[in-house]
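Below is one structure, written out as structure tokens, with a few remarks after it.
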Amino acid sequence: MSQTAGMNYKQCFTDAVVAALMALVVFGPIMGVVLDGYKFDIDFQRVAVIVALVFVGRLIMSYYFQTEKGKAMIFKYASNHDGVTVNPPHFKSKMIWVIPLVMIIGFLIPFVASKYILTVLILGLIYVLLGLGLNIVVGLAGLLDLGFVGFYAIGAYALALGYENLGLGFWSMLPIAAIAAAFAGAILGFPVLRMHGDYLAIVTLGFGEIIRLVLTNWVSLTHGPNGISAPLPTFFGLEFKRRSASGETFHEFFNLPYDSGYKYMFVYLVLFIVVWAVLFIKHRLVKMPIGRAWEALREDEIACRSLGLNHVLVKLSAFMLGASTAGLAGVFFATYQGFVSPSSFTFFESALILAIVVLGGMGSTLGVVIAAFCLTVLPEMLREVAEFRVLIFGILMVVMMIWKPRGLVRVTRNGFAAREGAVK
Amino acid sequence: MSQENILKVENLVMHFGGIKALNDVTFDIKRGSVSALIGPNGAGKTTVFNCLTGFYKATGGNIMLSANGKETSVIKVLGEPFMMTDFISPVAFIQRLKYKMFGGSHLVNRAGLSRTFQNIRLFKEMSVVENLLVAQHMRVNRNLMGGILNTKAYQLAEEEALERAFYWLGVVDLVDFANRLAGELSYGQQRRLEIARAMCTNPEIVCLDEPAAGLNPSETEALTKMIRVLRDEHKTTVLLIEHDMGMVMDISDYIVVLDHGEVIADGGPDDIKSNPKVIAAYLGAEEGEEVTL
């Protein structure tokens with residue numbers, strides 16, 4: 001078949017006209033009507049440009065998909081739904097050198113980057129932690145948790161309240177907050193884990209809201225919506241303030257001029273190390289019996305029970321480990337903001353974390369890391385086109401789900417070399 | 001209870017609302033035998049299985065499992081309702097509470113009984129070997145720190161689990177498919193994998209729910225051989241539900257026939273073949289009519 005013989009130009013044209021009409025409907029009111037005080041101006045030109053762009057784009061796309069190359073591409077993506085693959089035994093990824101490279105670059109960044117970039121990166125890393133935590137619960141154990149932000153809030157408030165009431169600093173609260181969040185996970189988990197699917201999602205959604213409402217309304221403890229201040233980390237007892245009431249500060253000790261950037265540098269470096277530690281633990285967990293049990297539970301709960309796995313304990317362990325990771329993230333969030341208030345822990349955060357996990361690919365560690373950075377750094381980069389950034393964000397999500405419904409990174413499983421069988 | 005019988009079912013009753021699925025089912029399974037549970041459709045065979053393996057909580061009766069050197073009451077480990085006497089004796093109360101909170105069908109498996117399912121329930125998105133590793137969950141090193149630090153003891157335990165997995169893959173002839181996803185296997189292979197998975201939990205009795213359903217004659221032949229291997233080489237008692245009468249008569253030492261939730265006959269294959277009640281149940285008979293064969 002020659003290339004032009006099968007070309008259906010009429011089809012191309014209709015496709016383009018339909019797309020242009022839809023663009024007109026969507027963008028007409030958004031871009032065509034500009035408010036000016038109490039009046040509004042009608043701006044035809046902007047709408048015309050957008051509609052023309054969509055028309056031409058759809059025309060080219062329609063044409064391309066009728067060529068051999070385009071057809072091959074459609075075929076490739078259409079038959080790409082089988083997601084999981086098993087690696088051959090002793091498989092070593094060729095991209096393994098990326099890990100030390102990222103480590104080195106990550107360590108050097110705070111010494112060159114500006115304060116703004118550093119804060120964006122810290123936020124990105126916090127969401128990596130949250131994504132990794134939720135990935136255990138949703139991606140591995142298959143428990144849809146819509147209230148994950150509750151554990152994040154518990155971690156953040158644990159730091160702030162521990163400092164205010166008990167005088168505990170960042171370093172003592174870091175493990176305590178993780179344990180507190182895990183404990184909260186267990187308290188939530190035990191009664192509700194006998195349910196699954198949609199019911200569990202609704203209960204966890206309620207749990208997240210309960211935490212937020214308690215934080216808002218228990219004014220005597222949490223200062224309610226006014227929020228509460230959180231301490232900065234200390235470097236072997238040296239504080240990162242301009243001057244300290246007790247003892248020396250960081251810049252005085254090292255004879256440096258005061259710079260508020262130091263504290264972000266330090267938070268970044270600590271967070272960077274913690275993220276790598278969590279990544280390593282997560283990497284080990286999926287290969288361990290407990291990781292296998294989580295995935296088995298996601299696949300078939302009844303079969304799990306028939307094999308002697310206590311499904312309640314397996315779910316509970318997933319919930320607790322996920323929650324403790326969120327608790328860690330909460331501590332870093334509080335210390336980096338220096339202040340926590342209930343308005344930081346709305347349902348939108350839960351949805352964002354869930355989007356990270358789904359976008360990255362359920363159960364894929366690398367995917368979650370990439371998705372976390374995409375969803376936190378991208379909106380910052382798009383600040384230039386601030387008016388459209390939510391729109392662009394939405395379009396990206398839609399496109400992702402069409403082209404890669406199972407997430408950015410394909411989940412692979414480890415292969416095992418065949419060996420002599422034996423029963424002992 | 002004698003050591004001779006591995007499973008003792010006494011007056012088992014199971015009601016679903018108003019429907020009486022099982023009325024007073026009583027039978028014993030001898031240790032080291034291959035026994036079959038047969039009956040027409042809707043006779044309650046799978047219900048008996050689900051009661052035995054703890055997936056249903058029986059309405060009444062008693063199931064005693066004598067495996068792994070101890071006696072286990074299947075009804076008790078699922079968590080019974082509190083009795084008046086529990087409020088007097090704290091020991092009984094705590095035990096009842098323990099089973100109510102942490103009890104369930106997994107305890108039946110840990111007591112030495114494993115099962116397969118009528119509609120295959122494999123972990124479809126996990127590899128074949130991983131399916132068998134999950135089954136050995138209770139036997140491997142589950143220490144969190146040991147696993148994260150990858151200690152010697154952990155590696156040893158994992159290696160042993162892998163060897164056991166490959167042993168069972170060898171028995172069911174799936175070694176070449178070890179690194180495939182379980183969901184990609186053909187129907188017959190999935191059935192065999194499910195049996196291997198059940199055996200990986202190291203049971204003393206394995207319950208197979210229609211293992212030959214959907215298999216072709218040569219696959220059924222292979223399955224029959226495999227069941228004999230389980231009995232003869234691994235000293236495992238096998239209890240199966242099956243509709244393939246040729247296979248059942250060929251393999252079983254003991255057959256229990258159920259109809260309308262009651263045991264209508266039990267005994268060796270030859271007794272069952274000539275039992276008029278069984279023939280009536282399968283072929284249908286008028287009220288009071290004598291069926292002869």
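We name chains A, B, ... following the order of the structure tokens; residues begin at 1 in each chain, and ligands are numbered from 1 as shown.
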
Exercise. Find the residues of chain B in contact range of chain A, meaning any atom within 7 Å when counting only C-alpha atoms, and list them as a PyMOL selection string.
Key: chain B and resi 105-107+109-110+114-115+121+123-125+134-135+137+142+147-148+163-164+166-167+179-180+198+201

Report task. Mind the document's chain letters and residue numbers, and return as an MDAnalysis selection string the residues of range 221-250 of chain A that DSSP labels strand (DSSP E or B). Result -> chainID A and resid 228:229 235 238:239 249

Please identify all polymer residues within 12 Å of Ile60 in chain A, counting only C-alpha atoms, omitting same-chain residues fewer than 2 positions from it, and present them as an NGL selection string.
:A and (9 or 11-13 or 15-16 or 53-58 or 62-67 or 70)

Could you turn the residues from that selection into a file that holds N, CA and C atoms, as a short mmCIF file (atom, residue, chain, number, x, y, z; two decimals), in the first residue's frame?
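Final file, out.cif:
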```cif
data_model
loop_
_atom_site.label_atom_id
_atom_site.label_comp_id
_atom_site.auth_asym_id
_atom_site.auth_seq_id
_atom_site.Cartn_x
_atom_site.Cartn_y
_atom_site.Cartn_z
N TYR A 9 -8.20 12.46 3.37
CA TYR A 9 -8.05 13.88 3.72
C TYR A 9 -9.32 14.43 4.34
N GLN A 11 -11.32 12.89 6.29
CA GLN A 11 -11.29 12.50 7.71
C GLN A 11 -10.43 13.47 8.51
N CYS A 12 -9.24 13.79 7.95
CA CYS A 12 -8.33 14.72 8.62
C CYS A 12 -9.04 16.04 8.90
N PHE A 13 -9.70 16.52 7.83
CA PHE A 13 -10.33 17.82 7.92
C PHE A 13 -11.46 17.83 8.95
N ASP A 15 -11.83 15.85 11.54
CA ASP A 15 -11.22 15.76 12.87
C ASP A 15 -10.79 17.13 13.35
N ALA A 16 -10.10 17.85 12.43
CA ALA A 16 -9.56 19.15 12.81
C ALA A 16 -10.67 20.14 13.12
N LEU A 53 -4.42 27.19 16.39
CA LEU A 53 -3.37 26.26 16.83
C LEU A 53 -3.93 24.85 16.95
N VAL A 54 -5.09 24.75 17.61
CA VAL A 54 -5.69 23.43 17.81
C VAL A 54 -6.05 22.81 16.46
N PHE A 55 -6.59 23.66 15.55
CA PHE A 55 -7.00 23.16 14.24
C PHE A 55 -5.80 22.59 13.49
N VAL A 56 -4.73 23.37 13.44
CA VAL A 56 -3.54 22.93 12.71
C VAL A 56 -2.94 21.69 13.38
N GLY A 57 -2.88 21.74 14.71
CA GLY A 57 -2.30 20.61 15.45
C GLY A 57 -3.06 19.33 15.17
N ARG A 58 -4.38 19.41 15.22
CA ARG A 58 -5.19 18.21 15.02
C ARG A 58 -5.06 17.72 13.58
N SER A 62 -3.78 14.11 12.75
CA SER A 62 -4.65 13.21 12.00
C SER A 62 -3.91 12.67 10.77
N TYR A 63 -3.16 13.59 10.11
CA TYR A 63 -2.39 13.19 8.94
C TYR A 63 -1.32 12.18 9.34
N TYR A 64 -0.62 12.48 10.41
CA TYR A 64 0.50 11.64 10.85
C TYR A 64 0.01 10.23 11.19
N PHE A 65 -1.12 10.15 11.86
CA PHE A 65 -1.58 8.82 12.28
C PHE A 65 -2.08 7.99 11.11
N GLN A 66 -2.19 8.61 9.91
CA GLN A 66 -2.59 7.80 8.75
C GLN A 66 -1.38 7.33 7.97
N THR A 67 -0.20 7.82 8.30
CA THR A 67 1.01 7.32 7.64
C THR A 67 1.44 6.03 8.32
N GLY A 70 2.94 6.56 11.82
CA GLY A 70 1.94 6.87 12.82
C GLY A 70 1.15 5.64 13.23
#
```

Per residue of range 113-177 of chain A within 8 Å of range 359-363 of chain A, record the nearest atom pair and its distance in Å to one decimal, counting only C-alpha atoms, with rows in chain order and ascending residue number, as a tab-separated table.
```
residue	atom	partner	partner_atom	distance
A:Asn135	CA	A:Gly363	CA	5.9
A:Ile136	CA	A:Gly363	CA	7.2
A:Val138	CA	A:Met362	CA	7.3
A:Gly139	CA	A:Gly363	CA	4.2
A:Leu140	CA	A:Gly363	CA	5.3
```

Exercise: Leu132 in chain A partners within 12 Å, only C-alpha atoms, chain neighbours under 2 positions left out, as a short mmCIF file (atom, residue, chain, number, x, y, z; two decimals) with C-alpha atoms, in the first residue's frame:
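around_31.cif, written as the output of this step:
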```
data_model
loop_
_atom_site.label_atom_id
_atom_site.label_comp_id
_atom_site.auth_asym_id
_atom_site.auth_seq_id
_atom_site.Cartn_x
_atom_site.Cartn_y
_atom_site.Cartn_z
CA LEU A 125 11.83 15.72 48.44
CA ILE A 126 9.07 15.95 51.07
CA TYR A 127 6.60 14.81 48.43
CA VAL A 128 8.97 12.00 47.44
CA LEU A 129 8.77 10.79 51.04
CA LEU A 130 4.99 11.09 51.06
CA LEU A 134 1.55 6.04 50.16
CA ASN A 135 3.11 3.75 47.58
CA ILE A 136 3.45 1.08 50.25
CA VAL A 137 -0.23 1.41 51.18
CA VAL A 138 -1.82 1.93 47.76
CA GLY A 139 0.74 0.61 45.31
CA LEU A 140 1.91 -2.51 47.11
CA PHE A 148 -2.98 9.94 54.04
CA VAL A 275 15.08 10.13 51.45
CA TRP A 276 17.93 7.89 50.34
CA ALA A 277 17.60 5.83 53.50
CA VAL A 278 13.86 5.43 52.93
CA LEU A 279 14.49 4.55 49.28
CA PHE A 280 16.94 1.87 50.33
CA ILE A 281 14.58 0.43 52.94
CA LYS A 282 11.72 0.45 50.43
CA HIS A 283 13.93 -1.28 47.88
CA LEU A 285 11.14 -4.29 51.66
CA ALA A 318 1.57 -1.72 55.42
CA LEU A 321 5.06 1.69 57.66
CA GLY A 322 3.33 3.99 55.20
CA ALA A 323 2.12 6.24 58.00
CA SER A 324 5.55 6.44 59.64
CA THR A 325 7.06 7.60 56.35
CA ALA A 326 4.40 10.31 56.15
CA GLY A 327 5.25 11.24 59.75
CA LEU A 328 8.88 11.78 58.76
CA ALA A 329 7.76 13.94 55.85
CA ILE A 353 -0.07 12.43 46.95
CA LEU A 354 -2.40 9.87 45.42
CA ILE A 356 1.92 11.09 42.56
CA VAL A 357 1.53 7.37 43.22
CA VAL A 358 -0.84 6.77 40.31
CA GLY A 360 4.44 7.24 38.88
CA GLY A 361 3.06 3.76 38.47
CA MET A 362 1.56 1.74 41.30
CA GLY A 363 4.33 0.03 43.20
CA SER A 364 7.19 1.58 41.23
CA THR A 365 9.76 3.37 43.37
CA LEU A 366 11.50 5.21 40.55
CA GLY A 367 8.16 6.29 39.11
CA VAL A 368 7.10 7.80 42.42
CA VAL A 369 10.32 9.81 42.70
CA ILE A 370 9.93 11.19 39.19
CA ALA A 371 6.23 11.89 39.62
CA ALA A 372 6.77 13.62 42.97
#
```

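The list of residues with at least one atom within 8 Å of range 207-221 of chain B, based on only C-alpha atoms and without residues fewer than 4 positions apart in the same chain, reads Thr46, Phe49, Leu113, Ser114, Arg115, Thr116, Phe117, Gln118, Tyr187, Gly188, Arg191, Ile195, Lys225, Val238, Leu239, Leu240, Ile241, Glu242, His243, Asp244 and Met247 of chain B.
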
*asked:* So that I can check the secondary structure, give me every residue of range 91-269 of chain B assigned alpha helix (DSSP H) by backbone DSSP, as a PyMOL selection string.
replied: chain B and resi 91-102+105-110+128-135+144-149+152-171+187-200+217-234+245-251+269

re CA of Leu232 in chain A and CA of Phe319 in chain A: distance 28.6 Å

- Please identify all polymer residues within 8 Å of Leu78 in chain B, counting only C-alpha atoms, omitting same-chain residues fewer than 6 positions from it, and present them as an MDAnalysis selection string. chainID B and resid 54 57 99:100 103:105 107

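The closest residue to Cys374 in chain A, picked from A:Leu408, A:Gly227, A:Ile273, A:Ser172 and counting only C-alpha atoms, is A:Leu408.
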
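The list of residues with at least one atom within 9 Å of Arg96 in chain B, based on only C-alpha atoms and without residues fewer than 3 positions apart in the same chain, reads Lys76, Val77, Gly79, Glu80, Pro81, Phe82, Asp86, Val91, Ala92, Phe93, Tyr99, Lys100 and Met101 of chain B.
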
I need the residues from that last selection saved to file as a compact mmCIF listing (two decimals), in the first residue's frame (with all heavy atoms), if you can.
```txt
# COMPACT_ATOMS: atom_id res chain seq x y z
N LYS B 76 -13.38 -23.34 66.55
CA LYS B 76 -12.92 -22.50 67.65
C LYS B 76 -11.95 -21.41 67.17
O LYS B 76 -12.06 -20.26 67.60
CB LYS B 76 -12.22 -23.38 68.68
CG LYS B 76 -11.92 -22.70 69.99
CD LYS B 76 -11.36 -23.71 70.97
CE LYS B 76 -10.54 -23.05 72.04
NZ LYS B 76 -9.72 -24.05 72.74
N VAL B 77 -11.02 -21.78 66.27
CA VAL B 77 -10.02 -20.78 65.88
C VAL B 77 -10.62 -19.66 65.04
O VAL B 77 -9.99 -18.62 64.84
CB VAL B 77 -8.83 -21.40 65.12
CG1 VAL B 77 -8.10 -22.39 65.98
CG2 VAL B 77 -9.26 -22.02 63.81
N GLY B 79 -13.11 -18.00 65.99
CA GLY B 79 -13.68 -17.03 66.92
C GLY B 79 -15.15 -17.28 67.11
O GLY B 79 -15.97 -16.94 66.28
N GLU B 80 -15.50 -17.90 68.23
CA GLU B 80 -16.91 -18.19 68.52
C GLU B 80 -17.50 -17.03 69.30
O GLU B 80 -16.78 -16.24 69.90
CB GLU B 80 -17.00 -19.45 69.38
CG GLU B 80 -16.58 -20.70 68.65
CD GLU B 80 -16.38 -21.83 69.63
OE1 GLU B 80 -15.57 -21.71 70.55
OE2 GLU B 80 -17.04 -22.86 69.47
N PRO B 81 -18.83 -16.93 69.34
CA PRO B 81 -19.44 -15.90 70.20
C PRO B 81 -19.18 -16.21 71.67
O PRO B 81 -18.93 -17.36 72.04
CB PRO B 81 -20.93 -15.98 69.86
CG PRO B 81 -21.12 -17.26 69.16
CD PRO B 81 -19.82 -17.66 68.56
N PHE B 82 -19.23 -15.18 72.48
CA PHE B 82 -18.98 -15.36 73.92
C PHE B 82 -20.08 -16.20 74.55
O PHE B 82 -21.25 -16.08 74.21
CB PHE B 82 -18.91 -14.02 74.63
CG PHE B 82 -17.67 -13.26 74.29
CD1 PHE B 82 -17.74 -12.12 73.51
CD2 PHE B 82 -16.43 -13.69 74.74
CE1 PHE B 82 -16.60 -11.42 73.17
CE2 PHE B 82 -15.30 -12.99 74.41
CZ PHE B 82 -15.38 -11.86 73.63
N ASP B 86 -17.73 -17.89 79.89
CA ASP B 86 -16.51 -17.12 79.66
C ASP B 86 -16.37 -15.98 80.65
O ASP B 86 -15.27 -15.56 80.99
CB ASP B 86 -16.52 -16.52 78.25
CG ASP B 86 -16.38 -17.59 77.20
OD1 ASP B 86 -15.96 -18.69 77.57
OD2 ASP B 86 -16.69 -17.32 76.04
N VAL B 91 -9.51 -17.22 81.83
CA VAL B 91 -8.65 -17.88 80.84
C VAL B 91 -9.45 -18.15 79.56
O VAL B 91 -9.02 -17.82 78.46
CB VAL B 91 -8.08 -19.20 81.41
CG1 VAL B 91 -7.26 -19.91 80.35
CG2 VAL B 91 -7.25 -18.92 82.64
N ALA B 92 -10.63 -18.70 79.74
CA ALA B 92 -11.48 -18.99 78.59
C ALA B 92 -11.86 -17.70 77.88
O ALA B 92 -11.89 -17.63 76.64
CB ALA B 92 -12.74 -19.72 79.05
N PHE B 93 -12.08 -16.65 78.65
CA PHE B 93 -12.47 -15.36 78.08
C PHE B 93 -11.35 -14.80 77.20
O PHE B 93 -11.58 -14.37 76.08
CB PHE B 93 -12.79 -14.39 79.22
CG PHE B 93 -13.22 -13.03 78.74
CD1 PHE B 93 -14.54 -12.83 78.32
CD2 PHE B 93 -12.33 -11.98 78.68
CE1 PHE B 93 -14.94 -11.59 77.86
CE2 PHE B 93 -12.73 -10.74 78.23
CZ PHE B 93 -14.04 -10.55 77.82
N TYR B 99 -9.00 -15.33 69.79
CA TYR B 99 -9.44 -15.88 68.51
C TYR B 99 -10.40 -14.94 67.81
O TYR B 99 -10.44 -14.89 66.59
CB TYR B 99 -10.08 -17.25 68.72
CG TYR B 99 -9.08 -18.34 68.97
CD1 TYR B 99 -9.20 -19.23 70.02
CD2 TYR B 99 -7.98 -18.48 68.12
CE1 TYR B 99 -8.26 -20.21 70.25
CE2 TYR B 99 -7.03 -19.46 68.34
CZ TYR B 99 -7.18 -20.33 69.40
OH TYR B 99 -6.26 -21.30 69.60
N LYS B 100 -11.17 -14.18 68.59
CA LYS B 100 -12.10 -13.23 67.96
C LYS B 100 -11.34 -12.12 67.26
O LYS B 100 -11.72 -11.65 66.20
CB LYS B 100 -13.03 -12.64 69.01
CG LYS B 100 -14.38 -13.34 69.08
CD LYS B 100 -15.33 -12.60 69.95
CE LYS B 100 -16.59 -12.17 69.23
NZ LYS B 100 -17.24 -13.18 68.45
N MET B 101 -10.23 -11.68 67.88
CA MET B 101 -9.48 -10.56 67.31
C MET B 101 -8.51 -11.01 66.21
O MET B 101 -8.38 -10.36 65.19
CB MET B 101 -8.70 -9.82 68.41
CG MET B 101 -9.59 -9.00 69.30
SD MET B 101 -8.66 -8.21 70.60
CE MET B 101 -7.96 -6.83 69.72
```

In Å and to one decimal, CA of Gln45 in chain A is distant from CA of Leu21 in chain A by 15.7 Å
